[in-house]
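Below is protein-v3.cif, which holds mmCIF, C-alpha atoms.
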data_final
loop_
_atom_site.label_atom_id
_atom_site.label_comp_id
_atom_site.auth_asym_id
_atom_site.auth_seq_id
_atom_site.Cartn_x
_atom_site.Cartn_y
_atom_site.Cartn_z
CA MET A 1 29.06 2.09 13.08
CA PRO A 2 26.84 1.09 16.04
CA VAL A 3 24.78 -2.04 15.48
CA ASP A 4 21.51 -0.15 15.91
CA GLU A 5 22.45 2.55 13.38
CA VAL A 6 21.00 2.38 9.86
CA ASP A 7 23.20 3.46 6.96
CA GLU A 8 22.39 4.46 3.40
CA GLN A 9 22.98 1.04 1.86
CA THR A 10 20.74 -0.63 4.44
CA LEU A 11 18.01 1.83 3.48
CA VAL A 12 18.49 1.19 -0.24
CA ASP A 13 18.44 -2.57 0.25
CA GLY A 14 15.22 -2.33 2.24
CA LEU A 15 13.54 -0.10 -0.32
CA ARG A 16 14.51 -2.46 -3.12
CA ARG A 17 12.98 -5.35 -1.18
CA LEU A 18 9.70 -3.52 -1.66
CA GLY A 19 10.20 -3.80 -5.41
CA LEU A 20 11.40 -0.28 -6.19
CA ASP A 21 13.55 0.44 -9.22
CA ASP A 22 14.45 3.30 -11.52
CA SER A 23 11.00 3.27 -13.11
CA SER A 24 9.14 3.69 -9.82
CA VAL A 25 7.09 6.85 -9.18
CA LEU A 26 6.35 7.35 -5.48
CA PHE A 27 4.38 9.53 -3.13
CA ALA A 28 6.51 9.13 0.00
CA HIS A 29 5.54 9.84 3.61
CA VAL A 30 8.45 9.45 6.01
CA SER A 31 9.13 9.44 9.73
CA LEU A 32 12.88 9.73 10.26
CA ARG A 33 12.50 8.74 13.90
CA SER A 34 10.91 5.42 12.95
CA PHE A 35 14.22 4.02 11.65
CA GLY A 36 15.96 4.36 14.98
CA ARG A 37 19.33 6.00 14.49
CA VAL A 38 20.25 6.88 10.87
CA ALA A 39 23.86 7.68 9.98
CA GLY A 40 23.68 11.11 8.40
CA GLY A 41 20.06 11.73 9.36
CA ALA A 42 17.41 12.92 6.91
CA ALA A 43 19.94 13.56 4.14
CA THR A 44 20.80 9.85 4.12
CA VAL A 45 17.14 8.88 3.84
CA VAL A 46 16.65 11.25 0.90
CA ARG A 47 19.73 9.91 -0.90
CA ALA A 48 18.49 6.34 -0.41
CA LEU A 49 15.09 7.26 -1.81
CA ARG A 50 16.67 8.91 -4.83
CA ARG A 51 18.85 5.85 -5.48
CA SER A 52 15.90 3.49 -5.16
CA CYS A 53 13.27 5.07 -7.40
CA GLY A 54 12.90 7.16 -10.51
CA THR A 55 10.68 9.97 -9.25
CA GLY A 56 9.77 10.78 -5.68
CA MET A 57 7.05 13.11 -4.47
CA MET A 58 6.39 14.43 -0.96
CA CYS A 59 4.14 16.96 0.68
CA GLY A 60 5.77 20.37 0.79
CA GLY A 61 3.23 22.93 1.96
CA GLY A 62 3.81 26.24 3.66
CA SER A 63 0.49 26.86 5.40
CA GLU A 64 2.15 27.76 8.70
CA LEU A 65 3.28 30.99 7.04
CA SER A 66 0.47 31.74 4.61
CA ALA A 67 -2.79 30.59 6.21
CA VAL A 68 -5.34 32.98 7.72
CA PRO A 69 -8.77 32.41 9.28
CA ALA A 70 -11.96 32.86 7.32
CA PRO A 71 -12.99 36.52 7.26
CA PRO A 72 -16.01 37.61 9.29
CA GLY A 73 -19.33 36.89 7.61
CA LEU A 74 -17.98 34.55 4.94
CA VAL A 75 -19.66 31.27 5.85
CA ARG A 76 -19.43 28.23 3.62
CA PRO A 77 -21.77 25.30 4.30
CA ASP A 78 -20.13 22.45 6.21
CA ASN A 79 -16.75 24.13 5.96
CA SER A 80 -15.49 23.17 9.46
CA PHE A 81 -13.17 26.14 9.84
CA HIS A 82 -12.68 28.97 12.29
CA GLN A 83 -13.48 32.58 11.43
CA ALA A 84 -11.89 35.78 12.63
CA GLU A 85 -14.04 37.43 15.28
CA SER A 86 -13.64 40.87 13.74
CA TRP A 87 -12.20 42.57 10.69
CA GLU A 88 -9.49 44.01 12.91
CA GLN A 89 -8.45 40.51 13.91
CA PHE A 90 -8.60 39.31 10.30
CA ASP A 91 -6.57 42.27 9.02
CA ALA A 92 -3.94 41.58 11.66
CA ALA A 93 -3.71 37.94 10.54
CA VAL A 94 -3.33 39.01 6.92
CA ALA A 95 -0.59 41.49 7.85
CA ALA A 96 1.30 38.82 9.80
CA ALA A 97 1.06 36.10 7.14
CA ARG A 98 3.62 35.61 4.41
CA PRO A 99 2.72 34.67 0.82
CA TYR A 100 3.81 31.21 -0.25
CA ASP A 101 7.03 31.03 -2.21
CA PRO A 102 8.71 27.81 -3.44
CA GLY A 103 11.92 28.83 -1.69
CA LEU A 104 10.36 29.06 1.77
CA PRO A 105 10.74 26.31 4.37
CA ILE A 106 8.19 23.52 4.56
CA ASP A 107 5.68 23.27 7.39
CA GLY A 108 7.41 21.80 10.42
CA TRP A 109 4.71 19.18 11.03
CA LEU A 110 5.67 17.51 7.73
CA GLY A 111 9.00 16.46 9.22
CA VAL A 112 12.69 16.97 8.64
CA THR A 113 12.87 14.53 5.72
CA ALA A 114 10.41 16.59 3.67
CA GLU A 115 12.45 19.71 4.40
CA GLU A 116 15.67 17.93 3.40
CA PHE A 117 13.98 16.74 0.20
CA ARG A 118 13.20 20.38 -0.62
CA ARG A 119 16.93 21.01 -0.98
CA GLN A 120 17.36 18.60 -3.92
CA PRO A 121 18.96 20.47 -6.84
CA ASP A 122 16.40 19.16 -9.35
CA LEU A 123 13.39 19.70 -7.09
CA VAL A 124 10.14 20.99 -8.54
CA ARG A 125 7.71 22.42 -5.99
CA GLY A 126 4.04 23.10 -6.66
CA ASP A 127 2.47 26.52 -6.37
CA HIS A 128 -0.50 25.80 -4.10
CA PRO A 129 -0.76 28.72 -1.63
CA LEU A 130 -1.26 26.40 1.35
CA TYR A 131 -0.43 22.77 0.54
CA ALA A 132 2.11 22.55 -2.24
CA PHE A 133 3.62 19.21 -3.15
CA GLN A 134 7.23 18.70 -4.24
CA ALA A 135 8.89 16.18 -6.53
CA ALA A 136 12.28 15.27 -7.94
CA GLY A 137 13.13 12.98 -10.83
CA PRO A 138 12.14 12.52 -14.49
CA ARG A 139 8.38 12.86 -13.83
CA ALA A 140 8.61 15.76 -11.40
CA GLU A 141 7.53 18.48 -13.85
CA GLU A 142 4.59 16.38 -15.00
CA LEU A 143 3.42 15.78 -11.45
CA MET A 144 3.75 19.36 -10.30
CA ALA A 145 2.16 20.88 -13.41
CA ALA A 146 -1.12 19.30 -12.26
CA GLN A 147 -1.28 21.26 -8.99
CA ARG A 148 -3.13 24.56 -9.01
CA PRO A 149 -4.69 26.70 -6.27
CA ASP A 150 -8.08 25.11 -7.04
CA ARG A 151 -6.66 21.63 -7.62
CA MET A 152 -4.61 20.70 -4.59
CA LEU A 153 -4.62 16.96 -5.36
CA GLY A 154 -3.85 17.20 -9.08
CA PRO A 155 -0.46 15.47 -8.65
CA VAL A 156 -2.20 12.44 -7.14
CA GLU A 157 -4.31 12.18 -10.29
CA VAL A 158 -1.10 12.11 -12.33
CA LEU A 159 0.38 9.53 -9.95
CA GLU A 160 -2.68 7.38 -10.59
CA ARG A 161 -2.31 7.72 -14.35
CA LEU A 162 1.38 6.76 -14.10
CA ASP A 163 0.50 3.68 -12.01
CA GLY A 164 2.59 5.06 -9.16
CA SER A 165 2.66 3.99 -5.53
CA VAL A 166 2.32 5.29 -2.01
CA LEU A 167 5.36 4.69 0.20
CA LEU A 168 4.81 4.72 3.96
CA LEU A 169 8.04 4.74 5.95
CA GLY A 170 7.28 4.48 9.63
CA VAL A 171 3.91 6.19 9.32
CA GLY A 172 0.34 4.94 9.06
CA HIS A 173 -2.29 5.50 6.43
CA HIS A 174 -3.32 8.63 8.33
CA ALA A 175 -0.35 10.25 6.55
CA ASP A 176 -1.51 9.14 3.10
CA THR A 177 -2.77 12.25 1.33
CA SER A 178 -3.86 10.26 -1.71
CA ILE A 179 -6.90 8.93 0.19
CA HIS A 180 -8.35 12.44 0.03
CA LEU A 181 -8.60 12.24 -3.76
CA ALA A 182 -11.06 9.35 -3.57
CA GLU A 183 -12.99 11.26 -0.91
CA GLN A 184 -13.25 14.34 -3.09
CA ARG A 185 -14.42 12.35 -6.10
CA LEU A 186 -17.34 11.24 -3.92
CA GLY A 187 -18.19 14.74 -2.81
CA ARG A 188 -16.63 14.92 0.63
CA SER A 189 -13.56 16.57 2.17
CA LEU A 190 -13.98 19.58 -0.11
CA PHE A 191 -13.24 22.56 2.10
CA HIS A 192 -12.56 26.25 1.55
CA ARG A 193 -9.49 27.70 3.22
CA TYR A 194 -7.84 31.12 3.19
CA ALA A 195 -4.32 32.28 2.43
CA VAL A 196 -2.29 35.39 1.81
CA VAL A 197 -1.21 35.28 -1.84
CA ALA A 198 0.60 38.63 -2.03
CA PRO A 199 1.51 41.19 0.63
CA GLY A 200 -1.79 42.34 2.11
CA VAL A 201 -3.84 40.28 -0.35
CA TRP A 202 -5.84 37.22 0.68
CA ALA A 203 -7.74 34.63 -1.35
CA GLU A 204 -10.24 31.86 -0.78
CA ILE A 205 -8.78 28.49 -1.78
CA PRO A 206 -11.32 25.77 -2.73
CA ASN A 207 -11.06 21.96 -2.76
CA VAL A 208 -8.78 21.67 0.26
CA SER A 209 -8.85 18.22 1.86
CA GLY A 210 -9.87 17.52 5.44
CA GLU A 211 -9.16 15.26 8.40
CA SER A 212 -7.22 11.98 8.21
CA HIS A 213 -6.93 10.67 11.77
CA ARG A 214 -9.16 7.67 11.05
CA PHE A 215 -7.49 6.70 7.77
CA ASP A 216 -5.60 3.83 9.40
CA GLU A 217 -8.90 1.95 9.32
CA ILE A 218 -8.30 1.34 5.60
CA GLU A 219 -5.42 -1.06 6.35
CA PRO A 220 -7.44 -4.34 6.24
CA ALA A 221 -8.84 -3.40 2.84
CA LEU A 222 -5.30 -3.00 1.48
CA SER A 223 -3.67 -6.02 3.08
CA GLY A 224 -3.60 -7.98 -0.19
CA ARG A 225 -2.06 -5.11 -2.14
CA THR A 226 0.61 -4.03 0.34
CA VAL A 227 4.27 -5.03 0.16
CA GLU A 228 5.99 -4.69 3.50
CA THR A 229 9.45 -5.01 5.04
CA MET A 230 11.36 -3.76 8.06
CA ILE A 231 14.24 -1.32 7.64
CA GLY A 232 15.91 -0.98 11.00
CA SER A 233 12.97 -0.40 13.31
CA CYS A 234 10.92 1.20 10.52
CA ARG A 235 7.83 -0.54 9.15
CA ALA A 236 8.08 0.18 5.41
CA ARG A 237 5.06 -0.31 3.15
CA LEU A 238 4.44 0.15 -0.56
CA ILE A 239 0.89 0.25 -1.97
CA PRO A 240 -0.22 1.01 -5.55
CA VAL A 241 -2.06 4.33 -5.50
CA ARG A 242 -4.81 2.83 -7.66
CA ALA A 243 -5.43 0.24 -4.95
CA VAL A 244 -5.63 2.98 -2.33
CA LEU A 245 -8.15 4.93 -4.39
CA GLN A 246 -10.21 1.86 -5.19
CA ALA A 247 -10.35 0.69 -1.58
CA THR A 248 -11.31 4.16 -0.34
CA THR A 249 -14.03 4.44 -2.95
CA GLU A 250 -15.51 1.06 -2.09
CA LEU A 251 -15.51 1.82 1.63
CA ILE A 252 -17.24 5.18 1.23
CA MET A 253 -19.73 3.87 -1.30
CA ALA A 254 -20.73 1.19 1.22
CA ASP A 255 -20.78 3.57 4.20
CA PRO A 256 -20.66 7.40 4.03
CA THR A 257 -19.06 7.45 7.48
CA ALA A 258 -16.12 5.24 6.48
CA LEU A 259 -12.72 6.54 7.65
CA LEU A 260 -14.39 9.38 9.58
CA CYS A 261 -14.69 9.92 13.32
CA PRO A 262 -18.14 10.46 14.90
CA ASP A 263 -17.41 13.93 16.32
CA PRO A 264 -19.75 16.40 14.57
CA ALA A 265 -17.48 19.29 15.56
CA CYS A 266 -14.49 17.71 13.80
CA ARG A 267 -13.74 18.22 10.13
CA CYS A 268 -14.91 14.62 9.80
CA GLY A 269 -18.41 15.87 10.58
CA GLY A 270 -18.21 18.46 7.83
CA ALA A 271 -16.92 15.87 5.37
CA LEU A 272 -19.80 13.52 6.21
CA ARG A 273 -22.39 16.24 5.72
CA GLN A 274 -20.83 17.06 2.35
CA ARG A 275 -21.07 13.41 1.29
CA LEU A 276 -24.72 13.14 2.40
CA ALA A 277 -25.55 16.31 0.46
CA ALA A 278 -23.86 14.84 -2.63
CA LEU A 279 -25.96 11.70 -2.29
CA GLN A 280 -29.14 13.77 -2.06
CA ARG A 281 -28.19 15.62 -5.24
CA GLY A 282 -27.79 12.24 -6.94
#
Would you write the structure of this file as structure tokens?
Amino acid sequence: MPVDEVDEQTLVDGLRRLGLDDSSVLFAHVSLRSFGRVAGGAATVVRALRRSCGTGMMCGGGSELSAVPAPPGLVRPDNSFHQAESWEQFDAAVAAARPYDPGLPIDGWLGVTAEEFRRQPDLVRGDHPLYAFQAAGPRAEELMAAQRPDRMLGPVEVLERLDGSVLLLGVGHHADTSIHLAEQRLGRSLFHRYAVVAPGVWAEIPNVSGESHRFDEIEPALSGRTVETMIGSCRARLIPVRAVLQATTELIMADPTALLCPDPACRCGGALRQRLAALQRG
């Protein structure tokens, strides 16, 4: 094996240095490329994760197949989303889209490790029409039962109750979906999106989270709660999800613009306007 190649046992040893064991419940976000060269690729990473924790959860959405633009005339305040220019254009998008099904491939932008994880024989995948999660292990059913079309982040609430953790393998906090739960509890990042839910049938999906490209700014607030190690060339970090939610809440309570970019045309702008409206409502 080449010196710069990471094998399964090296991965397991690194994950256990973070403090993982059979009781651990994780929300994992993984960049395979970050490790350098991995013997066996994504399948090796998934096996190492399964050996190192009790229950693992990953994002597993299928929006690339099921999403459609907002229909003409349906305008939601501060929704930061594009609309079809005509009903003809919207109808064409609906005809081209495919309803979500747990057996369909995962969105490519989520990475090859998430797609490999989908192939686990005991996998349970959520039923959200756009942004399903997926989990495997003893707590998988419990986690996935909390996700509904109107409750995208329900599994993160269960993760919080179980005192689970966020695992970042070669990715920053911008990949951490759990931060959105704290946002939504404070009245921001609550968007409406649109999906085909059956052939020719579309639906409006509420409570969809927004932008995350400034989430790395949370890192200093979590420095005292983060366990970190290197696995090959991968920066591996483990953070209790309760710490993530607490830090996000404190930052937003102190500053409504926290973790948002200043571009009013970005979804960050819509999220900020939602938060300011929530503050006005008291």
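Going from atom CA of A:Val25 over to atom CA of A:Asp122, you cover 15.4 Å.
Residue selection for this entry, given the PyMOL selection byres ((chain A and resi 191) around 10), comprises A:Arg76, A:Pro77, A:Asp78, A:Asn79, A:Ser80, A:Phe81, A:Gln184, A:Arg188, A:Ser189, A:Leu190, A:His192, A:Arg193, A:Ile205, A:Pro206, A:Asn207, A:Val208, A:Ser209, A:Gly210, A:Arg267, A:Gly270, A:Ala271, A:Gln274.
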Selected residues, C-alpha atoms, written as a CSV table (one decimal), in the coordinates of the input, please.
chain,number,residue,atom,x,y,z
A,76,ARG,CA,-19.4,28.2,3.6
A,77,PRO,CA,-21.8,25.3,4.3
A,78,ASP,CA,-20.1,22.4,6.2
A,79,ASN,CA,-16.8,24.1,6.0
A,80,SER,CA,-15.5,23.2,9.5
A,81,PHE,CA,-13.2,26.1,9.8
A,184,GLN,CA,-13.2,14.3,-3.1
A,188,ARG,CA,-16.6,14.9,0.6
A,189,SER,CA,-13.6,16.6,2.2
A,190,LEU,CA,-14.0,19.6,-0.1
A,192,HIS,CA,-12.6,26.2,1.6
A,193,ARG,CA,-9.5,27.7,3.2
A,205,ILE,CA,-8.8,28.5,-1.8
A,206,PRO,CA,-11.3,25.8,-2.7
A,207,ASN,CA,-11.1,22.0,-2.8
A,208,VAL,CA,-8.8,21.7,0.3
A,209,SER,CA,-8.8,18.2,1.9
A,210,GLY,CA,-9.9,17.5,5.4
A,267,ARG,CA,-13.7,18.2,10.1
A,270,GLY,CA,-18.2,18.5,7.8
A,271,ALA,CA,-16.9,15.9,5.4
A,274,GLN,CA,-20.8,17.1,2.4
As an exercise, work out the distance from atom CA of A:Leu18 to atom CA of A:Glu211 in Å and give it to one decimal place.
28.5 Å
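Atom CA of A:His128 lies 20.8 Å from atom CA of A:Val166.
This file gives the following result for the PyMOL selection byres ((chain A and resi 225) around 8): A:Leu222, A:Ser223, A:Gly224, A:Thr226, A:Val227, A:Ile239, A:Pro240, A:Ala243.
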I'd like the neighbourhood of A:Gly61 as a PyMOL selection string, where a residue qualifies if any of its atoms comes within 12 Å (using all atoms listed in the file), though same-chain residues fewer than 3 positions away should be ignored.
chain A and resi 58+64-67+99-111+114-115+118+125-134+147+152
9 Å contact set for A:Leu245, only C-alpha atoms, chain neighbours under 6 positions out, as JSON, numbers by chain:
{"A": [160, 178, 179, 180, 181, 182, 183]}
Evaluated on this file, the PyMOL selection byres ((chain A and resi 174-176) around 10) picks out some residues - which ones are they, written as a short mmCIF file (atom, residue, chain, number, x, y, z; two decimals) with C-alpha atoms, keeping the file's coordinate frame?
data_model
loop_
_atom_site.label_atom_id
_atom_site.label_comp_id
_atom_site.auth_asym_id
_atom_site.auth_seq_id
_atom_site.Cartn_x
_atom_site.Cartn_y
_atom_site.Cartn_z
CA PHE A 27 4.38 9.53 -3.13
CA ALA A 28 6.51 9.13 0.00
CA HIS A 29 5.54 9.84 3.61
CA VAL A 30 8.45 9.45 6.01
CA CYS A 59 4.14 16.96 0.68
CA LEU A 110 5.67 17.51 7.73
CA VAL A 166 2.32 5.29 -2.01
CA LEU A 167 5.36 4.69 0.20
CA LEU A 168 4.81 4.72 3.96
CA VAL A 171 3.91 6.19 9.32
CA GLY A 172 0.34 4.94 9.06
CA HIS A 173 -2.29 5.50 6.43
CA THR A 177 -2.77 12.25 1.33
CA SER A 178 -3.86 10.26 -1.71
CA ILE A 179 -6.90 8.93 0.19
CA HIS A 180 -8.35 12.44 0.03
CA GLU A 211 -9.16 15.26 8.40
CA SER A 212 -7.22 11.98 8.21
CA HIS A 213 -6.93 10.67 11.77
CA ARG A 214 -9.16 7.67 11.05
CA PHE A 215 -7.49 6.70 7.77
CA ASP A 216 -5.60 3.83 9.40
CA GLU A 217 -8.90 1.95 9.32
CA ILE A 218 -8.30 1.34 5.60
CA VAL A 241 -2.06 4.33 -5.50
CA VAL A 244 -5.63 2.98 -2.33
CA LEU A 259 -12.72 6.54 7.65
#
What's around A:Met253 at 12 Å? Count all atoms listed in the file, leave out sequence neighbours fewer than 3 positions away in its own chain, and write the answer as a PyMOL selection string.
chain A and resi 182-183+185-188+246-250+256-259+275-276+278-279
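Counting all atoms listed in the file, the residue from A:Arg51, A:Ala93, A:His82, A:Leu26 that sits nearest to A:Gly200 is A:Ala93.
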Answer as a PDB file with C-alpha atoms, keeping the file's coordinate frame, residues within 9 Å of (7.9, -2.5, 6.6) using all atoms listed in the file:
ATOM      1  CA  GLY A  14      15.220  -2.330   2.240  1.00  0.00           C
ATOM      2  CA  LEU A  18       9.700  -3.520  -1.660  1.00  0.00           C
ATOM      3  CA  LEU A 168       4.810   4.720   3.960  1.00  0.00           C
ATOM      4  CA  LEU A 169       8.040   4.740   5.950  1.00  0.00           C
ATOM      5  CA  GLY A 170       7.280   4.480   9.630  1.00  0.00           C
ATOM      6  CA  VAL A 227       4.270  -5.030   0.160  1.00  0.00           C
ATOM      7  CA  GLU A 228       5.990  -4.690   3.500  1.00  0.00           C
ATOM      8  CA  THR A 229       9.450  -5.010   5.040  1.00  0.00           C
ATOM      9  CA  MET A 230      11.360  -3.760   8.060  1.00  0.00           C
ATOM     10  CA  ILE A 231      14.240  -1.320   7.640  1.00  0.00           C
ATOM     11  CA  SER A 233      12.970  -0.400  13.310  1.00  0.00           C
ATOM     12  CA  CYS A 234      10.920   1.200  10.520  1.00  0.00           C
ATOM     13  CA  ARG A 235       7.830  -0.540   9.150  1.00  0.00           C
ATOM     14  CA  ALA A 236       8.080   0.180   5.410  1.00  0.00           C
ATOM     15  CA  ARG A 237       5.060  -0.310   3.150  1.00  0.00           C
ATOM     16  CA  LEU A 238       4.440   0.150  -0.560  1.00  0.00           C
TER      17      LEU A 238
END
Can you give me N, CA and C atoms for stretch 219-251 of chain A, written as a compact mmCIF listing (two decimals), keeping the file's coordinate frame?
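And here's selection_36.txt as it stands now:
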# COMPACT_ATOMS: atom_id res chain seq x y z
N GLU A 219 -6.48 -0.05 6.46
CA GLU A 219 -5.42 -1.06 6.35
C GLU A 219 -5.93 -2.46 5.99
N PRO A 220 -6.99 -2.99 6.63
CA PRO A 220 -7.44 -4.34 6.24
C PRO A 220 -7.85 -4.44 4.77
N ALA A 221 -8.40 -3.38 4.24
CA ALA A 221 -8.84 -3.40 2.84
C ALA A 221 -7.67 -3.42 1.86
N LEU A 222 -6.48 -3.06 2.35
CA LEU A 222 -5.30 -3.00 1.48
C LEU A 222 -4.30 -4.11 1.78
N SER A 223 -4.65 -5.01 2.65
CA SER A 223 -3.67 -6.02 3.08
C SER A 223 -3.17 -6.86 1.91
N GLY A 224 -4.02 -7.16 0.95
CA GLY A 224 -3.60 -7.98 -0.19
C GLY A 224 -2.82 -7.24 -1.25
N ARG A 225 -2.77 -5.92 -1.13
CA ARG A 225 -2.06 -5.11 -2.14
C ARG A 225 -0.83 -4.42 -1.57
N THR A 226 -0.49 -4.72 -0.33
CA THR A 226 0.61 -4.03 0.34
C THR A 226 1.84 -4.92 0.41
N VAL A 227 2.98 -4.37 -0.02
CA VAL A 227 4.27 -5.03 0.16
C VAL A 227 4.94 -4.38 1.36
N GLU A 228 5.50 -5.21 2.24
CA GLU A 228 5.99 -4.69 3.50
C GLU A 228 7.34 -5.31 3.86
N THR A 229 8.18 -4.51 4.50
CA THR A 229 9.45 -5.01 5.04
C THR A 229 9.83 -4.13 6.22
N MET A 230 10.82 -4.57 6.98
CA MET A 230 11.36 -3.76 8.06
C MET A 230 12.72 -3.22 7.62
N ILE A 231 12.95 -1.96 7.88
CA ILE A 231 14.24 -1.32 7.64
C ILE A 231 14.69 -0.72 8.96
N GLY A 232 15.63 -1.35 9.62
CA GLY A 232 15.91 -0.98 11.00
C GLY A 232 14.67 -1.26 11.82
N SER A 233 14.21 -0.26 12.54
CA SER A 233 12.97 -0.40 13.31
C SER A 233 11.78 0.20 12.58
N CYS A 234 11.97 0.56 11.31
CA CYS A 234 10.92 1.20 10.52
C CYS A 234 10.07 0.15 9.79
N ARG A 235 8.77 0.25 9.94
CA ARG A 235 7.83 -0.54 9.15
C ARG A 235 7.64 0.18 7.81
N ALA A 236 8.13 -0.43 6.73
CA ALA A 236 8.08 0.18 5.41
C ALA A 236 7.04 -0.53 4.56
N ARG A 237 6.14 0.26 3.93
CA ARG A 237 5.06 -0.31 3.15
C ARG A 237 4.93 0.39 1.80
N LEU A 238 4.65 -0.38 0.78
CA LEU A 238 4.44 0.15 -0.56
C LEU A 238 3.09 -0.35 -1.07
N ILE A 239 2.23 0.59 -1.50
CA ILE A 239 0.89 0.25 -1.97
C ILE A 239 0.63 0.98 -3.28
N PRO A 240 0.14 0.31 -4.32
CA PRO A 240 -0.22 1.01 -5.55
C PRO A 240 -1.28 2.07 -5.26
N VAL A 241 -1.10 3.27 -5.79
CA VAL A 241 -2.06 4.33 -5.50
C VAL A 241 -3.45 3.98 -6.05
N ARG A 242 -3.50 3.23 -7.15
CA ARG A 242 -4.81 2.83 -7.66
C ARG A 242 -5.54 1.93 -6.68
N ALA A 243 -4.81 1.08 -5.97
CA ALA A 243 -5.43 0.24 -4.95
C ALA A 243 -5.95 1.08 -3.80
N VAL A 244 -5.19 2.09 -3.40
CA VAL A 244 -5.63 2.98 -2.33
C VAL A 244 -6.92 3.69 -2.72
N LEU A 245 -6.97 4.21 -3.93
CA LEU A 245 -8.15 4.93 -4.39
C LEU A 245 -9.35 4.00 -4.53
N GLN A 246 -9.12 2.81 -5.04
CA GLN A 246 -10.21 1.86 -5.19
C GLN A 246 -10.78 1.44 -3.84
N ALA A 247 -9.89 1.11 -2.90
CA ALA A 247 -10.35 0.69 -1.58
C ALA A 247 -11.12 1.81 -0.88
N THR A 248 -10.61 3.03 -0.96
CA THR A 248 -11.31 4.16 -0.34
C THR A 248 -12.68 4.35 -0.95
N THR A 249 -12.75 4.28 -2.27
CA THR A 249 -14.03 4.44 -2.95
C THR A 249 -15.03 3.38 -2.52
N GLU A 250 -14.60 2.14 -2.47
CA GLU A 250 -15.51 1.06 -2.09
C GLU A 250 -16.00 1.22 -0.65
N LEU A 251 -15.11 1.63 0.24
CA LEU A 251 -15.51 1.82 1.63
C LEU A 251 -16.55 2.93 1.78
